[in-house]
$ cat my_file-v4.pdb   # PDB, C-alpha atoms
ATOM      1  CA  MET A   1     196.292 -27.463  85.851
ATOM      2  CA  SER A   2     194.742 -24.219  84.620
ATOM      3  CA  PHE A   3     192.444 -23.007  81.860
ATOM      4  CA  PHE A   4     194.908 -20.115  81.393
ATOM      5  CA  ASN A   5     197.922 -22.142  80.290
ATOM      6  CA  TYR A   6     198.363 -25.050  77.898
ATOM      7  CA  LYS A   7     200.673 -28.010  78.386
ATOM      8  CA  ASP A   8     201.539 -30.890  76.076
ATOM      9  CA  HIS A   9     201.394 -34.022  78.215
ATOM     10  CA  ILE A  10     198.847 -35.516  80.595
ATOM     11  CA  GLU A  11     199.864 -35.959  84.229
ATOM     12  CA  GLU A  12     198.318 -37.633  87.268
ATOM     13  CA  GLY A  13     195.308 -35.634  88.509
ATOM     14  CA  ASP A  14     194.860 -33.620  85.300
ATOM     15  CA  LEU A  15     191.444 -32.847  83.867
ATOM     16  CA  VAL A  16     190.992 -34.516  80.473
ATOM     17  CA  LEU A  17     187.995 -34.212  78.164
ATOM     18  CA  ALA A  18     187.443 -37.654  76.646
ATOM     19  CA  PHE A  19     185.949 -37.061  73.192
ATOM     20  CA  ILE A  20     183.924 -40.245  72.669
ATOM     21  CA  ASN A  21     181.797 -39.044  69.754
ATOM     22  CA  ARG A  22     180.357 -35.793  68.502
ATOM     23  CA  SER A  23     177.538 -35.787  71.049
ATOM     24  CA  THR A  24     179.442 -37.303  73.991
ATOM     25  CA  ILE A  25     182.400 -35.608  75.684
ATOM     26  CA  LYS A  26     183.170 -36.860  79.184
ATOM     27  CA  PRO A  27     185.304 -34.879  81.673
ATOM     28  CA  ILE A  28     187.580 -37.084  83.785
ATOM     29  CA  TYR A  29     190.318 -36.511  86.344
ATOM     30  CA  VAL A  30     193.171 -38.894  85.594
ATOM     31  CA  LYS A  31     193.862 -41.242  88.515
ATOM     32  CA  SER A  32     196.006 -44.367  88.304
ATOM     33  CA  GLY A  33     193.960 -47.522  88.814
ATOM     34  CA  GLU A  34     190.700 -46.098  87.468
ATOM     35  CA  ILE A  35     189.018 -47.052  84.192
ATOM     36  CA  LEU A  36     186.829 -45.095  81.778
ATOM     37  CA  ASN A  37     184.132 -47.433  80.436
ATOM     38  CA  THR A  38     182.365 -46.536  77.182
ATOM     39  CA  ARG A  39     180.368 -48.313  74.503
ATOM     40  CA  TYR A  40     183.565 -48.360  72.437
ATOM     41  CA  GLY A  41     185.636 -50.183  75.043
ATOM     42  CA  HIS A  42     187.376 -49.393  78.313
ATOM     43  CA  PHE A  43     190.348 -47.087  78.749
ATOM     44  CA  LEU A  44     192.882 -47.229  81.572
ATOM     45  CA  HIS A  45     193.705 -43.935  83.287
ATOM     46  CA  SER A  46     197.242 -45.178  83.894
ATOM     47  CA  SER A  47     197.730 -45.479  80.122
ATOM     48  CA  MET A  48     196.678 -41.842  79.642
ATOM     49  CA  ILE A  49     199.514 -40.529  81.818
ATOM     50  CA  GLY A  50     202.330 -39.313  79.584
ATOM     51  CA  MET A  51     200.196 -39.165  76.431
ATOM     52  CA  LYS A  52     199.907 -35.872  74.558
ATOM     53  CA  TYR A  53     196.732 -33.857  74.737
ATOM     54  CA  GLY A  54     194.857 -34.311  71.464
ATOM     55  CA  ALA A  55     196.128 -37.875  71.011
ATOM     56  CA  GLN A  56     193.927 -40.758  69.934
ATOM     57  CA  MET A  57     193.808 -43.536  72.522
ATOM     58  CA  ARG A  58     192.852 -47.115  71.682
ATOM     59  CA  GLY A  59     190.842 -49.266  74.077
ATOM     60  CA  ALA A  60     192.576 -51.659  76.461
ATOM     61  CA  LYS A  61     191.571 -54.636  74.280
ATOM     62  CA  GLY A  62     192.771 -53.040  71.063
ATOM     63  CA  TYR A  63     189.428 -51.965  69.621
ATOM     64  CA  GLY A  64     187.574 -48.667  69.814
ATOM     65  CA  PHE A  65     189.197 -45.323  70.481
ATOM     66  CA  ILE A  66     188.695 -41.904  72.057
ATOM     67  CA  HIS A  67     190.539 -38.586  71.814
ATOM     68  CA  LEU A  68     192.071 -36.970  74.892
ATOM     69  CA  LEU A  69     191.445 -33.212  74.690
ATOM     70  CA  TYR A  70     192.786 -30.307  76.715
ATOM     71  CA  PRO A  71     189.969 -28.404  78.474
ATOM     72  CA  THR A  72     188.999 -25.030  77.026
ATOM     73  CA  PRO A  73     185.909 -22.994  77.979
ATOM     74  CA  GLU A  74     184.261 -23.958  74.677
ATOM     75  CA  MET A  75     184.884 -27.696  75.135
ATOM     76  CA  TRP A  76     183.989 -27.485  78.826
ATOM     77  CA  THR A  77     180.618 -25.996  77.853
ATOM     78  CA  LEU A  78     179.887 -29.139  75.815
ATOM     79  CA  SER A  79     180.912 -31.563  78.554
ATOM     80  CA  LEU A  80     180.216 -29.999  81.962
ATOM     81  CA  PRO A  81     177.724 -31.452  84.469
ATOM     82  CA  HIS A  82     174.584 -29.324  84.125
ATOM     83  CA  ARG A  83     173.242 -27.776  87.311
ATOM     84  CA  THR A  84     171.144 -25.267  85.354
ATOM     85  CA  GLN A  85     170.574 -24.294  81.737
ATOM     86  CA  ILE A  86     173.819 -22.858  80.387
ATOM     87  CA  VAL A  87     174.982 -20.158  77.997
ATOM     88  CA  TYR A  88     176.325 -21.913  74.892
ATOM     89  CA  THR A  89     179.216 -20.681  72.768
ATOM     90  CA  PRO A  90     177.106 -18.998  70.012
ATOM     91  CA  ASP A  91     175.669 -16.667  72.671
ATOM     92  CA  SER A  92     178.733 -16.320  74.906
ATOM     93  CA  SER A  93     181.088 -15.464  72.046
ATOM     94  CA  TYR A  94     178.705 -12.767  70.766
ATOM     95  CA  ILE A  95     178.242 -11.284  74.250
ATOM     96  CA  ILE A  96     182.004 -11.133  74.860
ATOM     97  CA  GLN A  97     182.559  -9.405  71.509
ATOM     98  CA  ARG A  98     179.604  -7.027  71.891
ATOM     99  CA  LEU A  99     180.648  -5.908  75.394
ATOM    100  CA  ASN A 100     184.299  -5.642  74.334
ATOM    101  CA  VAL A 101     185.494  -7.977  77.092
ATOM    102  CA  ARG A 102     189.291  -8.212  76.910
ATOM    103  CA  ALA A 103     192.412  -8.748  78.982
ATOM    104  CA  GLY A 104     192.165  -6.588  82.097
ATOM    105  CA  SER A 105     188.358  -6.236  82.080
ATOM    106  CA  ARG A 106     186.509  -6.445  85.385
ATOM    107  CA  VAL A 107     183.327  -8.487  84.971
ATOM    108  CA  ILE A 108     180.274  -8.683  87.230
ATOM    109  CA  GLU A 109     178.237 -11.856  86.627
ATOM    110  CA  ALA A 110     175.029 -12.631  88.509
ATOM    111  CA  GLY A 111     173.657 -16.146  88.166
ATOM    112  CA  THR A 112     176.722 -18.396  88.165
ATOM    113  CA  GLY A 113     174.637 -21.532  87.594
ATOM    114  CA  SER A 114     176.809 -24.254  86.035
ATOM    115  CA  ALA A 115     179.690 -21.739  85.635
ATOM    116  CA  SER A 116     179.917 -22.313  81.887
ATOM    117  CA  PHE A 117     180.072 -18.614  81.000
ATOM    118  CA  THR A 118     182.223 -17.928  84.072
ATOM    119  CA  HIS A 119     185.008 -20.000  82.481
ATOM    120  CA  SER A 120     184.773 -17.997  79.240
ATOM    121  CA  PHE A 121     184.892 -14.692  81.105
ATOM    122  CA  ALA A 122     187.854 -15.821  83.233
ATOM    123  CA  ARG A 123     189.854 -16.964  80.205
ATOM    124  CA  THR A 124     189.096 -13.759  78.273
ATOM    125  CA  VAL A 125     189.996 -11.232  80.999
ATOM    126  CA  GLY A 126     193.181 -13.161  81.818
ATOM    127  CA  GLU A 127     195.288 -12.869  84.927
ATOM    128  CA  SER A 128     195.256  -9.055  84.693
ATOM    129  CA  GLY A 129     191.447  -8.944  84.907
ATOM    130  CA  LYS A 130     188.872 -10.036  87.458
ATOM    131  CA  VAL A 131     185.529 -11.844  87.440
ATOM    132  CA  PHE A 132     183.067 -11.324  90.302
ATOM    133  CA  THR A 133     180.312 -13.930  90.045
ATOM    134  CA  PHE A 134     177.274 -14.304  92.331
ATOM    135  CA  GLU A 135     175.027 -17.330  92.967
ATOM    136  CA  PHE A 136     172.051 -17.340  95.360
ATOM    137  CA  HIS A 137     171.530 -21.150  95.460
ATOM    138  CA  GLU A 138     173.916 -22.554  98.086
ATOM    139  CA  PRO A 139     174.464 -26.102  96.681
ATOM    140  CA  ARG A 140     175.215 -24.644  93.232
ATOM    141  CA  TYR A 141     177.477 -22.036  94.815
ATOM    142  CA  LEU A 142     179.495 -24.682  96.678
ATOM    143  CA  GLU A 143     179.869 -26.895  93.590
ATOM    144  CA  ALA A 144     180.897 -23.958  91.413
ATOM    145  CA  LYS A 145     183.383 -22.734  94.031
ATOM    146  CA  THR A 146     185.108 -26.136  94.117
ATOM    147  CA  GLU A 147     185.080 -26.372  90.334
ATOM    148  CA  LEU A 148     186.620 -22.924  89.809
ATOM    149  CA  SER A 149     189.344 -23.720  92.328
ATOM    150  CA  ASP A 150     190.117 -27.101  90.730
ATOM    151  CA  HIS A 151     190.396 -25.432  87.318
ATOM    152  CA  GLY A 152     192.878 -22.834  88.532
ATOM    153  CA  LEU A 153     190.670 -19.798  87.841
ATOM    154  CA  THR A 154     192.438 -17.624  90.401
ATOM    155  CA  ASN A 155     191.075 -14.412  88.873
ATOM    156  CA  THR A 156     187.491 -15.332  89.793
ATOM    157  CA  VAL A 157     185.719 -14.462  93.061
ATOM    158  CA  ILE A 158     182.440 -16.280  93.689
ATOM    159  CA  THR A 159     179.977 -15.032  96.317
ATOM    160  CA  HIS A 160     176.870 -16.691  97.755
ATOM    161  CA  ARG A 161     174.210 -13.977  97.620
ATOM    162  CA  ASP A 162     170.821 -12.976  96.252
ATOM    163  CA  VAL A 163     171.873  -9.806  94.421
ATOM    164  CA  CYS A 164     168.267  -8.818  93.716
ATOM    165  CA  ASN A 165     167.828  -8.100  97.432
ATOM    166  CA  GLY A 166     171.363  -7.865  98.815
ATOM    167  CA  GLY A 167     173.170  -5.991  96.046
ATOM    168  CA  PHE A 168     176.684  -6.619  94.724
ATOM    169  CA  ASN A 169     179.000  -5.107  97.338
ATOM    170  CA  VAL A 170     181.842  -7.369  98.524
ATOM    171  CA  ASP A 171     185.070  -6.786 100.461
ATOM    172  CA  ASP A 172     187.042  -6.163  97.249
ATOM    173  CA  VAL A 173     186.625  -3.005  95.178
ATOM    174  CA  ILE A 174     184.753  -4.294  92.138
ATOM    175  CA  ASP A 175     184.876  -1.268  89.786
ATOM    176  CA  GLY A 176     183.259  -3.359  87.038
ATOM    177  CA  ASP A 177     183.173  -2.339  83.391
ATOM    178  CA  VAL A 178     181.166  -5.350  82.144
ATOM    179  CA  VAL A 179     177.915  -6.701  83.640
ATOM    180  CA  PHE A 180     176.132  -9.947  82.767
ATOM    181  CA  LEU A 181     172.816 -10.810  84.433
ATOM    182  CA  ASP A 182     171.353 -14.304  83.992
ATOM    183  CA  LEU A 183     168.542 -13.923  86.517
ATOM    184  CA  PRO A 184     164.772 -14.545  86.630
ATOM    185  CA  SER A 185     164.216 -10.851  87.501
ATOM    186  CA  PRO A 186     167.199  -8.752  86.362
ATOM    187  CA  TRP A 187     165.140  -5.580  86.833
ATOM    188  CA  ASP A 188     165.442  -6.087  90.612
ATOM    189  CA  ALA A 189     169.259  -6.252  90.417
ATOM    190  CA  ILE A 190     169.822  -3.316  88.043
ATOM    191  CA  PRO A 191     169.238  -0.546  90.671
ATOM    192  CA  HIS A 192     172.063  -2.015  92.820
ATOM    193  CA  LEU A 193     174.718  -1.695  90.101
ATOM    194  CA  ASP A 194     175.694   1.980  90.456
ATOM    195  CA  THR A 195     177.733   1.323  93.609
ATOM    196  CA  VAL A 196     179.959  -1.320  91.971
ATOM    197  CA  ILE A 197     180.455  -0.233  88.339
ATOM    198  CA  SER A 198     183.320   1.902  87.052
ATOM    199  CA  LYS A 199     183.133   5.690  87.211
ATOM    200  CA  GLN A 200     186.047   6.191  84.804
ATOM    201  CA  LYS A 201     184.819   4.413  81.667
ATOM    202  CA  GLN A 202     181.761   3.277  79.761
ATOM    203  CA  VAL A 203     180.121   0.190  81.270
ATOM    204  CA  GLY A 204     178.263  -2.385  79.173
ATOM    205  CA  ILE A 205     175.529  -4.720  80.384
ATOM    206  CA  CYS A 206     173.851  -7.816  78.923
ATOM    207  CA  CYS A 207     170.724  -9.396  80.398
ATOM    208  CA  PHE A 208     170.002 -13.002  79.375
ATOM    209  CA  SER A 209     166.230 -13.644  79.460
ATOM    210  CA  PRO A 210     164.189 -16.493  77.914
ATOM    211  CA  CYS A 211     160.845 -14.616  77.892
ATOM    212  CA  ILE A 212     159.917 -11.436  76.033
ATOM    213  CA  GLU A 213     157.943 -10.266  79.098
ATOM    214  CA  GLN A 214     161.211 -10.319  81.056
ATOM    215  CA  VAL A 215     162.830  -8.239  78.326
ATOM    216  CA  ALA A 216     160.087  -5.599  78.565
ATOM    217  CA  LYS A 217     160.526  -5.235  82.341
ATOM    218  CA  THR A 218     164.319  -5.191  81.991
ATOM    219  CA  VAL A 219     164.222  -2.425  79.381
ATOM    220  CA  THR A 220     162.005  -0.321  81.655
ATOM    221  CA  ALA A 221     164.415  -0.792  84.584
ATOM    222  CA  LEU A 222     167.428   0.076  82.415
ATOM    223  CA  GLU A 223     165.779   3.296  81.215
ATOM    224  CA  GLU A 224     164.767   4.296  84.744
ATOM    225  CA  ASN A 225     168.348   3.785  85.973
ATOM    226  CA  GLY A 226     170.080   5.834  83.290
ATOM    227  CA  TRP A 227     171.254   3.127  80.863
ATOM    228  CA  THR A 228     171.251   4.080  77.170
ATOM    229  CA  SER A 229     171.657   2.539  73.682
ATOM    230  CA  ILE A 230     169.347  -0.298  74.707
ATOM    231  CA  GLU A 231     168.990  -3.070  72.142
ATOM    232  CA  MET A 232     167.698  -6.642  72.215
ATOM    233  CA  VAL A 233     169.036  -9.372  69.907
ATOM    234  CA  GLU A 234     168.612 -13.130  69.525
ATOM    235  CA  ILE A 235     171.272 -15.513  68.219
ATOM    236  CA  ALA A 236     170.077 -18.394  66.003
ATOM    237  CA  ALA A 237     173.109 -20.563  65.246
ATOM    238  CA  LYS A 238     172.964 -23.512  62.831
ATOM    239  CA  ARG A 239     175.633 -25.970  61.767
ATOM    240  CA  TRP A 240     176.028 -26.342  57.999
ATOM    241  CA  GLU A 241     177.478 -29.468  56.403
ATOM    242  CA  ALA A 242     179.000 -29.581  52.913
ATOM    243  CA  ARG A 243     178.467 -32.782  50.929
ATOM    244  CA  LYS A 244     178.104 -34.183  47.409
ATOM    245  CA  GLU A 245     174.850 -35.538  46.006
ATOM    246  CA  MET A 246     174.629 -37.630  42.864
ATOM    247  CA  LYS A 247     173.074 -35.707  39.966
ATOM    248  CA  ARG A 248     169.844 -37.289  38.756
ATOM    249  CA  ASP A 249     167.283 -36.695  36.013
ATOM    250  CA  VAL A 250     163.930 -38.174  34.964
ATOM    251  CA  ASN A 251     165.522 -41.021  32.983
ATOM    252  CA  ASN A 252     167.587 -41.929  36.025
ATOM    253  CA  ALA A 253     164.434 -42.225  38.132
ATOM    254  CA  ILE A 254     162.671 -44.319  35.454
ATOM    255  CA  ASN A 255     165.619 -46.685  35.086
ATOM    256  CA  ARG A 256     165.892 -47.069  38.836
ATOM    257  CA  ILE A 257     162.205 -48.026  39.128
ATOM    258  CA  LYS A 258     162.661 -50.558  36.305
ATOM    259  CA  ASP A 259     165.674 -52.050  38.093
ATOM    260  CA  ILE A 260     163.713 -52.433  41.342
ATOM    261  CA  GLN A 261     160.779 -54.066  39.521
ATOM    262  CA  GLU A 262     163.069 -56.466  37.647
ATOM    263  CA  ARG A 263     164.719 -57.540  40.902
ATOM    264  CA  LYS A 264     161.347 -58.007  42.559
ATOM    265  CA  GLN A 265     160.012 -60.101  39.674
ATOM    266  CA  TYR A 266     163.189 -62.185  39.563
ATOM    267  CA  GLY A 267     162.851 -62.933  43.279
ATOM    268  CA  ILE A 268     159.203 -64.006  42.886
ATOM    269  CA  GLU A 269     160.026 -66.330  39.982
ATOM    270  CA  SER A 270     162.985 -67.852  41.826
ATOM    271  CA  ARG A 271     160.850 -68.681  44.870
ATOM    272  CA  ARG A 272     158.153 -70.221  42.672
ATOM    273  CA  ALA A 273     160.797 -72.408  41.040
ATOM    274  CA  GLY A 274     161.810 -73.660  44.482
ATOM    275  CA  HIS A 275     165.376 -72.376  44.644
ATOM    276  CA  PRO A 276     166.830 -69.306  46.374
ATOM    277  CA  PRO A 277     167.346 -66.273  44.121
ATOM    278  CA  GLN A 278     170.899 -65.552  43.035
ATOM    279  CA  LYS A 279     172.387 -62.081  43.150
ATOM    280  CA  LEU A 280     171.139 -60.175  40.108
ATOM    281  CA  ALA A 281     173.780 -58.011  38.474
ATOM    282  CA  LYS A 282     172.869 -54.503  37.385
ATOM    283  CA  THR A 283     173.338 -54.203  33.647
ATOM    284  CA  ASP A 284     172.779 -50.456  33.328
ATOM    285  CA  ASP A 285     175.365 -48.297  35.137
ATOM    286  CA  SER A 286     173.811 -44.998  34.080
ATOM    287  CA  PHE A 287     171.759 -44.674  37.254
ATOM    288  CA  LYS A 288     172.206 -45.042  40.976
ATOM    289  CA  SER A 289     171.250 -48.453  42.344
ATOM    290  CA  ALA A 290     168.821 -48.860  45.224
ATOM    291  CA  ARG A 291     171.742 -49.632  47.546
ATOM    292  CA  LYS A 292     173.884 -46.682  46.527
ATOM    293  CA  SER A 293     175.522 -46.404  49.938
ATOM    294  CA  ALA A 294     176.959 -49.904  49.645
ATOM    295  CA  LYS A 295     178.129 -49.560  46.038
ATOM    296  CA  VAL A 296     178.996 -45.967  45.218
ATOM    297  CA  LYS A 297     181.121 -43.768  47.444
ATOM    298  CA  GLU A 298     180.484 -40.043  47.643
ATOM    299  CA  GLY A 299     182.481 -38.257  44.926
ATOM    300  CA  GLU A 300     183.427 -41.481  43.116
ATOM    301  CA  ASP A 301     184.616 -41.099  39.509
ATOM    302  CA  GLY A 302     182.230 -42.030  36.712
ATOM    303  CA  TYR A 303     179.222 -40.211  38.140
ATOM    304  CA  GLU A 304     178.051 -36.612  38.092
ATOM    305  CA  TRP A 305     178.010 -34.953  41.519
ATOM    306  CA  LEU A 306     176.544 -31.716  42.837
ATOM    307  CA  GLU A 307     178.059 -29.850  45.773
ATOM    308  CA  VAL A 308     175.277 -29.082  48.240
ATOM    309  CA  THR A 309     174.889 -27.899  51.830
ATOM    310  CA  LYS A 310     172.605 -29.145  54.559
ATOM    311  CA  THR A 311     171.739 -27.726  57.986
ATOM    312  CA  GLU A 312     171.612 -29.921  61.050
ATOM    313  CA  SER A 313     168.089 -31.178  61.658
ATOM    314  CA  GLU A 314     168.000 -30.001  65.252
ATOM    315  CA  ILE A 315     169.723 -27.073  66.980
ATOM    316  CA  LYS A 316     171.425 -28.422  70.107
ATOM    317  CA  SER A 317     171.614 -25.253  72.160
ATOM    318  CA  HIS A 318     169.702 -23.145  74.642
ATOM    319  CA  THR A 319     169.358 -19.499  73.747
ATOM    320  CA  SER A 320     167.491 -16.493  75.072
ATOM    321  CA  TYR A 321     166.927 -12.829  74.318
ATOM    322  CA  LEU A 322     170.058 -10.745  74.872
ATOM    323  CA  THR A 323     169.376  -7.185  76.040
ATOM    324  CA  PHE A 324     172.360  -4.823  75.787
ATOM    325  CA  ALA A 325     172.783  -1.326  77.209
ATOM    326  CA  TYR A 326     175.562   1.099  78.186
ATOM    327  CA  LYS A 327     176.169   3.666  80.898
ATOM    328  CA  ILE A 328     178.769   6.254  81.889
ATOM    329  CA  LEU A 329     178.680   7.355  85.528
ATOM    330  CA  VAL A 330     179.840  10.861  86.383
ATOM    331  CA  ALA A 331     182.250  10.624  89.334
TER     332      ALA A 331
END

$ encode --input "my_file-v4.pdb" --output "structure tokens"
Amino acid sequence: MSFFNYKDHIEEGDLVLAFINRSTIKPIYVKSGEILNTRYGHFLHSSMIGMKYGAQMRGAKGYGFIHLLYPTPEMWTLSLPHRTQIVYTPDSSYIIQRLNVRAGSRVIEAGTGSASFTHSFARTVGESGKVFTFEFHEPRYLEAKTELSDHGLTNTVITHRDVCNGGFNVDDVIDGDVVFLDLPSPWDAIPHLDTVISKQKQVGICCFSPCIEQVAKTVTALEENGWTSIEMVEIAAKRWEARKEMKRDVNNAINRIKDIQERKQYGIESRRAGHPPQKLAKTDDSFKSARKSAKVKEGEDGYEWLEVTKTESEIKSHTSYLTFAYKILVA
């Protein structure tokens, strides 16, 4: 299978992203005889074969379900095995747009890591483009090389090298027009770029750095090596949820407190009388009961509702400072 092309049905050996819940997406290779075990039940690989991507699959015992999703770079980013910190979609999508990465682009990436961004680059440049990615850590390099091959990313060349000392030259002519550096010291790699970037068009670079001190050194190196239009940005992405909240006023709050006190007093008197308290009906429907979630559904008729928005309480991403610059070499 390939991240370039989509197909409808799952076959033996295919990569499937099992969407278990919003925070859990598990990548699996479908093999007859194997079982995916989750808290929601177990799911037979043999039953997945022939199902359509995107389908809901029920557990082997008839309860619980998962969704079987086709792998895309965005979904892979949420499910991949982490070997390093990764570039999440809010950052990667902005970088791709800002550097004008498109079909046919030739990308130089240093710091393959978990190869999350490598997948996005490979999908964006397509089969007419090329991605040259470099990783200095041998175990990570070997894992990424196998992964890229398994995913059919034939337009990607991965090299085991420390580019800060050894530069970017490989057997192929790179002629890159996009550069992405996710390195501890990008300023050491920047002087090596002139030999591998395009001499026919403007070249864009982005350096991904978690510390502002790294940004300062990177900017100095970019200026010293003839890069211009230098700018640093930071992406702060938040998920917003739309919902309805019941409209309340002071009288509503007073009536609710009275209702709680009446129920409390009724319970005390019932226990003193030596018999268990019976369910006490609410006589005033003008306010929300203490157990609103069990009695009133969001948006239910007969109540006043306000449309509100809420941000997620915690941002589940890893971001850094993005330093952009551009250069045109004179051939």

$ closest_residue --input "my_file-v4.pdb" --among "A:Glu34, A:Ala103, A:His119, A:Val178" --to "Glu74 of chain A" --atoms "all atoms listed in the file"
A:His119

$ closest_residue --input "my_file-v4.pdb" --among "A:Ser2, A:Gln97, A:Ser270, A:Asn155" --to "Leu15 of chain A" --atoms "only C-alpha atoms"
A:Ser2

$ closest_residue --input "my_file-v4.pdb" --among "A:Ala236, A:Leu329, A:Cys164, A:Leu44" --to "Tyr88 of chain A" --atoms "only C-alpha atoms"
A:Ala236

$ closest_residue --input "my_file-v4.pdb" --among "A:Trp187, A:Phe208, A:Phe168, A:Tyr53" --to "Tyr6 of chain A" --atoms "all atoms listed in the file"
A:Tyr53

$ closest_residue --input "my_file-v4.pdb" --among "A:Arg140, A:Lys130, A:Arg256, A:His67" --to "Val157 of chain A" --atoms "only C-alpha atoms"
A:Lys130

$ atom_distance --input "my_file-v4.pdb" --atom1 "atom CA of Thr84 of chain A" --atom2 "atom CA of Pro210 of chain A"
13.4 Å

$ atom_distance --input "my_file-v4.pdb" --atom1 "atom CA of Ile230 of chain A" --atom2 "atom CA of Arg102 of chain A"
21.6 Å

$ build_atoms --input "my_file-v4.pdb" --residues "segment 295-310 of chain A" --atoms "N, CA and C atoms" --output "mmCIF file, keeping the file's coordinate frame"
data_model
loop_
_atom_site.group_PDB
_atom_site.id
_atom_site.type_symbol
_atom_site.label_atom_id
_atom_site.label_comp_id
_atom_site.auth_asym_id
_atom_site.auth_seq_id
_atom_site.Cartn_x
_atom_site.Cartn_y
_atom_site.Cartn_z
ATOM 1 N N LYS A 295 177.454 -49.327 47.310
ATOM 2 C CA LYS A 295 178.129 -49.560 46.038
ATOM 3 C C LYS A 295 178.884 -48.352 45.523
ATOM 4 N N VAL A 296 178.377 -47.167 45.769
ATOM 5 C CA VAL A 296 178.996 -45.967 45.218
ATOM 6 C C VAL A 296 179.384 -45.033 46.362
ATOM 7 N N LYS A 297 180.652 -44.682 46.410
ATOM 8 C CA LYS A 297 181.121 -43.768 47.444
ATOM 9 C C LYS A 297 180.936 -42.326 46.996
ATOM 10 N N GLU A 298 180.689 -41.457 47.947
ATOM 11 C CA GLU A 298 180.484 -40.043 47.643
ATOM 12 C C GLU A 298 181.687 -39.480 46.895
ATOM 13 N N GLY A 299 181.415 -38.852 45.726
ATOM 14 C CA GLY A 299 182.481 -38.257 44.926
ATOM 15 C C GLY A 299 183.198 -39.221 44.006
ATOM 16 N N GLU A 300 182.745 -40.459 43.927
ATOM 17 C CA GLU A 300 183.427 -41.481 43.116
ATOM 18 C C GLU A 300 183.415 -41.104 41.633
ATOM 19 N N ASP A 301 184.512 -41.390 40.943
ATOM 20 C CA ASP A 301 184.616 -41.099 39.509
ATOM 21 C C ASP A 301 183.587 -41.905 38.725
ATOM 22 N N GLY A 302 183.180 -41.346 37.577
ATOM 23 C CA GLY A 302 182.230 -42.030 36.712
ATOM 24 C C GLY A 302 180.799 -41.597 36.918
ATOM 25 N N TYR A 303 180.562 -40.727 37.875
ATOM 26 C CA TYR A 303 179.222 -40.211 38.140
ATOM 27 C C TYR A 303 179.275 -38.689 38.213
ATOM 28 N N GLU A 304 178.139 -38.069 37.960
ATOM 29 C CA GLU A 304 178.051 -36.612 38.092
ATOM 30 C C GLU A 304 177.593 -36.271 39.510
ATOM 31 N N TRP A 305 178.315 -35.311 40.136
ATOM 32 C CA TRP A 305 178.010 -34.953 41.519
ATOM 33 C C TRP A 305 177.741 -33.454 41.638
ATOM 34 N N LEU A 306 176.838 -33.113 42.526
ATOM 35 C CA LEU A 306 176.544 -31.716 42.837
ATOM 36 C C LEU A 306 177.020 -31.417 44.257
ATOM 37 N N GLU A 307 177.660 -30.268 44.431
ATOM 38 C CA GLU A 307 178.059 -29.850 45.773
ATOM 39 C C GLU A 307 176.880 -29.128 46.431
ATOM 40 N N VAL A 308 176.447 -29.637 47.564
ATOM 41 C CA VAL A 308 175.277 -29.082 48.240
ATOM 42 C C VAL A 308 175.609 -28.842 49.714
ATOM 43 N N THR A 309 174.745 -28.107 50.390
ATOM 44 C CA THR A 309 174.889 -27.899 51.830
ATOM 45 C C THR A 309 173.605 -28.321 52.523
ATOM 46 N N LYS A 310 173.750 -28.691 53.783
ATOM 47 C CA LYS A 310 172.605 -29.145 54.559
ATOM 48 C C LYS A 310 172.764 -28.648 55.989
#
